$ cat my_file_16.cif   # mmCIF, C-alpha atoms
data_entry
loop_
_atom_site.group_PDB
_atom_site.id
_atom_site.type_symbol
_atom_site.label_atom_id
_atom_site.label_comp_id
_atom_site.auth_asym_id
_atom_site.auth_seq_id
_atom_site.Cartn_x
_atom_site.Cartn_y
_atom_site.Cartn_z
ATOM 1 C CA MET A 14 129.049 84.338 116.237
ATOM 2 C CA LYS A 15 127.286 85.430 113.094
ATOM 3 C CA GLY A 16 129.829 86.615 110.531
ATOM 4 C CA ARG A 17 132.739 85.797 112.844
ATOM 5 C CA ALA A 18 133.433 82.123 112.119
ATOM 6 C CA THR A 19 136.077 82.792 109.517
ATOM 7 C CA LEU A 20 138.514 80.071 108.567
ATOM 8 C CA SER A 21 141.875 80.937 107.033
ATOM 9 C CA GLN A 22 143.301 79.120 104.029
ATOM 10 C CA SER A 23 144.974 76.714 106.454
ATOM 11 C CA GLY A 24 141.586 75.721 107.843
ATOM 12 C CA ALA A 25 142.219 77.462 111.164
ATOM 13 C CA TYR A 26 139.843 79.941 112.768
ATOM 14 C CA ASN A 27 140.742 83.616 112.834
ATOM 15 C CA GLN A 28 141.336 85.264 116.204
ATOM 16 C CA ASP A 29 137.770 86.512 116.745
ATOM 17 C CA ALA A 30 136.188 83.167 115.915
ATOM 18 C CA PHE A 31 138.753 81.225 117.922
ATOM 19 C CA ARG A 32 138.278 83.424 121.002
ATOM 20 C CA TYR A 33 134.502 83.006 120.706
ATOM 21 C CA LEU A 34 134.843 79.208 120.529
ATOM 22 C CA LEU A 35 137.279 79.267 123.438
ATOM 23 C CA GLU A 36 134.832 81.195 125.633
ATOM 24 C CA THR A 37 131.914 79.005 124.575
ATOM 25 C CA GLU A 38 133.793 75.795 125.336
ATOM 26 C CA SER A 39 135.014 77.144 128.664
ATOM 27 C CA LYS A 40 131.441 77.928 129.743
ATOM 28 C CA ARG A 41 130.198 74.561 128.453
ATOM 29 C CA SER A 42 132.918 72.763 130.407
ATOM 30 C CA GLU A 43 131.962 74.581 133.604
ATOM 31 C CA ARG A 44 128.296 73.670 133.204
ATOM 32 C CA SER A 45 128.845 70.047 132.208
ATOM 33 C CA GLY A 46 131.669 69.182 134.589
ATOM 34 C CA HIS A 47 133.866 68.077 131.678
ATOM 35 C CA PHE A 48 137.375 69.378 131.254
ATOM 36 C CA SER A 49 138.910 71.324 128.406
ATOM 37 C CA ARG A 50 142.441 72.579 127.892
ATOM 38 C CA ILE A 51 144.030 75.110 125.614
ATOM 39 C CA LEU A 52 147.111 74.238 123.599
ATOM 40 C CA LEU A 53 149.238 77.276 122.717
ATOM 41 C CA MET A 54 152.127 77.285 120.257
ATOM 42 C CA TYR A 55 154.276 80.341 119.654
ATOM 43 C CA SER A 56 157.753 81.528 118.709
ATOM 44 C CA THR A 57 159.992 83.490 121.053
ATOM 45 C CA ASP A 58 163.024 85.705 120.557
ATOM 46 C CA ALA A 59 166.366 85.290 122.352
ATOM 47 C CA HIS A 60 164.877 87.047 125.400
ATOM 48 C CA GLY A 61 161.853 84.717 125.577
ATOM 49 C CA ARG A 62 159.349 87.296 124.290
ATOM 50 C CA ILE A 63 156.572 86.113 121.984
ATOM 51 C CA VAL A 64 157.258 87.262 118.415
ATOM 52 C CA LEU A 65 155.511 87.160 115.054
ATOM 53 C CA MET A 66 155.450 83.591 113.747
ATOM 54 C CA ASP A 67 156.912 83.138 110.269
ATOM 55 C CA SER A 68 154.195 82.073 107.833
ATOM 56 C CA HIS A 69 155.900 78.765 106.943
ATOM 57 C CA VAL A 70 156.277 77.966 110.662
ATOM 58 C CA ALA A 71 152.605 78.823 111.252
ATOM 59 C CA LYS A 72 151.567 76.538 108.396
ATOM 60 C CA ALA A 73 153.678 73.680 109.771
ATOM 61 C CA VAL A 74 152.307 74.188 113.303
ATOM 62 C CA MET A 75 148.711 74.232 112.067
ATOM 63 C CA ALA A 76 149.259 71.193 109.854
ATOM 64 C CA ALA A 77 150.859 69.276 112.740
ATOM 65 C CA SER A 78 147.955 70.277 114.987
ATOM 66 C CA SER A 79 145.405 69.131 112.424
ATOM 67 C CA ARG A 80 147.123 65.743 112.129
ATOM 68 C CA SER A 81 147.512 65.316 115.897
ATOM 69 C CA LEU A 82 144.219 66.577 117.308
ATOM 70 C CA ARG A 83 140.688 65.235 117.168
ATOM 71 C CA GLU A 84 138.025 66.554 114.811
ATOM 72 C CA THR A 85 136.139 67.879 117.844
ATOM 73 C CA ASP A 86 139.034 70.183 118.825
ATOM 74 C CA TYR A 87 139.254 73.735 117.471
ATOM 75 C CA ILE A 88 142.433 75.140 115.911
ATOM 76 C CA GLY A 89 142.960 78.824 115.262
ATOM 77 C CA TRP A 90 144.801 82.012 116.032
ATOM 78 C CA TYR A 91 144.742 82.819 119.736
ATOM 79 C CA ARG A 92 146.624 85.996 118.807
ATOM 80 C CA ASP A 93 146.750 86.733 115.073
ATOM 81 C CA GLY A 94 150.165 86.026 113.616
ATOM 82 C CA HIS A 95 151.733 85.294 117.001
ATOM 83 C CA ILE A 96 150.044 82.438 118.875
ATOM 84 C CA VAL A 97 148.357 79.386 117.376
ATOM 85 C CA GLY A 98 145.853 77.856 119.745
ATOM 86 C CA ALA A 99 143.774 74.731 119.983
ATOM 87 C CA VAL A 100 140.795 74.161 122.242
ATOM 88 C CA LEU A 101 140.945 70.562 123.414
ATOM 89 C CA THR A 102 137.319 69.743 124.104
ATOM 90 C CA VAL A 103 135.541 67.342 126.484
ATOM 91 C CA LEU A 104 138.426 65.694 128.248
ATOM 92 C CA VAL A 105 138.029 63.330 131.145
ATOM 93 C CA GLN A 106 140.329 63.676 134.130
ATOM 94 C CA GLU A 107 142.415 60.634 133.138
ATOM 95 C CA THR A 108 143.189 61.962 129.666
ATOM 96 C CA MET A 109 144.352 65.392 130.819
ATOM 97 C CA ALA A 110 147.740 64.037 131.892
ATOM 98 C CA GLN A 111 148.083 62.302 128.524
ATOM 99 C CA VAL A 112 147.796 65.660 126.758
ATOM 100 C CA SER A 113 151.195 66.682 128.074
ATOM 101 C CA THR A 114 152.872 63.289 128.065
ATOM 102 C CA HIS A 115 151.730 62.186 124.592
ATOM 103 C CA LEU A 116 150.484 65.139 122.551
ATOM 104 C CA LYS A 117 153.343 67.585 123.071
ATOM 105 C CA PRO A 118 156.116 65.118 122.114
ATOM 106 C CA ARG A 119 154.092 64.027 119.057
ATOM 107 C CA LEU A 120 153.702 67.662 117.948
ATOM 108 C CA VAL A 121 157.411 68.269 118.522
ATOM 109 C CA GLU A 122 158.305 65.268 116.384
ATOM 110 C CA ILE A 123 156.036 66.291 113.499
ATOM 111 C CA ILE A 124 157.080 69.954 113.552
ATOM 112 C CA ARG A 125 160.777 69.136 113.841
ATOM 113 C CA ALA A 126 160.521 66.727 110.881
ATOM 114 C CA GLU A 127 158.848 69.472 108.844
ATOM 115 C CA LEU A 128 161.035 72.439 109.795
ATOM 116 C CA GLY A 129 164.244 71.043 111.252
ATOM 117 C CA VAL A 130 165.794 71.570 114.670
ATOM 118 C CA GLU A 131 167.186 75.055 114.037
ATOM 119 C CA GLU A 132 163.907 76.562 112.832
ATOM 120 C CA THR A 133 161.959 75.100 115.731
ATOM 121 C CA SER A 134 164.434 76.008 118.457
ATOM 122 C CA ARG A 135 162.378 79.037 119.542
ATOM 123 C CA LEU A 136 158.991 77.345 119.282
ATOM 124 C CA GLN A 137 157.125 76.959 122.563
ATOM 125 C CA ILE A 138 154.228 74.589 123.264
ATOM 126 C CA ARG A 139 152.072 74.994 126.325
ATOM 127 C CA VAL A 140 148.922 73.263 127.541
ATOM 128 C CA CYS A 141 146.939 75.334 130.013
ATOM 129 C CA GLN A 142 143.560 75.888 131.575
ATOM 130 C CA HIS A 143 141.382 78.837 130.664
ATOM 131 C CA HIS A 144 142.246 80.788 133.821
ATOM 132 C CA GLU A 145 145.985 80.497 133.034
ATOM 133 C CA LEU A 146 145.777 82.361 129.727
ATOM 134 C CA GLN A 147 146.600 85.705 131.300
ATOM 135 C CA GLY A 148 150.036 84.387 132.255
ATOM 136 C CA ILE A 149 151.247 83.247 128.845
ATOM 137 C CA GLU A 150 153.460 86.304 128.402
ATOM 138 C CA SER A 151 155.482 85.334 131.483
ATOM 139 C CA GLY A 152 156.778 82.151 129.837
ATOM 140 C CA GLU A 153 155.754 79.948 132.761
ATOM 141 C CA GLY A 154 155.254 76.317 131.833
ATOM 142 C CA THR A 155 156.558 76.617 128.292
ATOM 143 C CA TYR A 156 157.961 73.631 126.496
ATOM 144 C CA ALA A 157 160.840 74.450 124.175
ATOM 145 C CA VAL A 158 161.210 72.422 121.024
ATOM 146 C CA ASN A 159 164.934 71.785 120.902
#

$ encode --input "my_file_16.cif" --output "structure tokens"
Amino acid sequence: MKGRATLSQSGAYNQDAFRYLLETESKRSERSGHFSRILLMYSTDAHGRIVLMDSHVAKAVMAASSRSLRETDYIGWYRDGHIVGAVLTVLVQETMAQVSTHLKPRLVEIIRAELGVEETSRLQIRVCQHHELQGIESGEGTYAVN
């Protein structure tokens, strides 16, 4: 990863570094038998297509992620300017269900308090496994903040 681990001003990894960490953690999880998940946050248009995230929305999403996630989790751009991602590392089976039931509502609350209901109405939050990443464009399993 030499020369690739670039952090933005927000403290998040750029797309190349984030994708590298995502692949590394996925392989580590396979070898160790631990679980990891990927948290994706993105804005959609009226037709449900992923669109460029406004910079103030991106800052609020990254700040909320930083306050809600552990220091061992990685936050960065899954797709530059469009999708903020977080690699949730070394989870045990029992805590995986808590990711959806506790983390997503907490993120919604923080982001809504920061941006308001109207600005967050098109924000989607999804927790998925590595093999599900190819399907993010389809909108399956999204969680609207409204």

$ atom_distance --input "my_file_16.cif" --atom1 "CA of Ala76 (chain A)" --atom2 "CA of Gly89 (chain A)"
11.3 Å

$ closest_residue --input "my_file_16.cif" --among "A:Arg44, A:Arg50, A:Arg139, A:Lys72" --to "Asp86 (chain A)" --atoms "all atoms listed in the file"
A:Arg50

$ atom_distance --input "my_file_16.cif" --atom1 "CA of Ile88 (chain A)" --atom2 "CA of Ala25 (chain A)"
5.3 Å

$ atom_distance --input "my_file_16.cif" --atom1 "CA of Tyr26 (chain A)" --atom2 "CA of Arg92 (chain A)"
10.9 Å

$ closest_residue --input "my_file_16.cif" --among "A:Ser81, A:Ser42, A:Gln147, A:Ser56" --to "Glu122 (chain A)" --atoms "all atoms listed in the file"
A:Ser81

$ closest_residue --input "my_file_16.cif" --among "A:Arg135, A:Arg41, A:His144, A:His115" --to "Ile63 (chain A)" --atoms "only C-alpha atoms"
A:Arg135

$ resolve_selection --input "my_file_16.cif" --expression "the PyMOL selection byres ((chain A and resi 96) around 9)" --output "ChimeraX atom specification"
/A:53-56,63-66,71,89-95,97-98

$ residues_near_point --input "my_file_16.cif" --point "(132.5, 74.3, 129.1)" --cutoff "12 Å" --atoms "only C-alpha atoms" --output "compact mmCIF listing (two decimals) with C-alpha atoms, keeping the file's coordinate frame"
# COMPACT_ATOMS: atom_id res chain seq x y z
CA LEU A 34 134.84 79.21 120.53
CA LEU A 35 137.28 79.27 123.44
CA GLU A 36 134.83 81.19 125.63
CA THR A 37 131.91 79.00 124.58
CA GLU A 38 133.79 75.80 125.34
CA SER A 39 135.01 77.14 128.66
CA LYS A 40 131.44 77.93 129.74
CA ARG A 41 130.20 74.56 128.45
CA SER A 42 132.92 72.76 130.41
CA GLU A 43 131.96 74.58 133.60
CA ARG A 44 128.30 73.67 133.20
CA SER A 45 128.84 70.05 132.21
CA GLY A 46 131.67 69.18 134.59
CA HIS A 47 133.87 68.08 131.68
CA PHE A 48 137.38 69.38 131.25
CA SER A 49 138.91 71.32 128.41
CA ARG A 50 142.44 72.58 127.89
CA VAL A 100 140.79 74.16 122.24
CA LEU A 101 140.94 70.56 123.41
CA THR A 102 137.32 69.74 124.10
CA VAL A 103 135.54 67.34 126.48
CA LEU A 104 138.43 65.69 128.25
CA GLN A 142 143.56 75.89 131.57
CA HIS A 143 141.38 78.84 130.66

$ closest_residue --input "my_file_16.cif" --among "A:Ala73, A:Val121, A:Leu82, A:Asn27" --to "Ser134 (chain A)" --atoms "all atoms listed in the file"
A:Val121
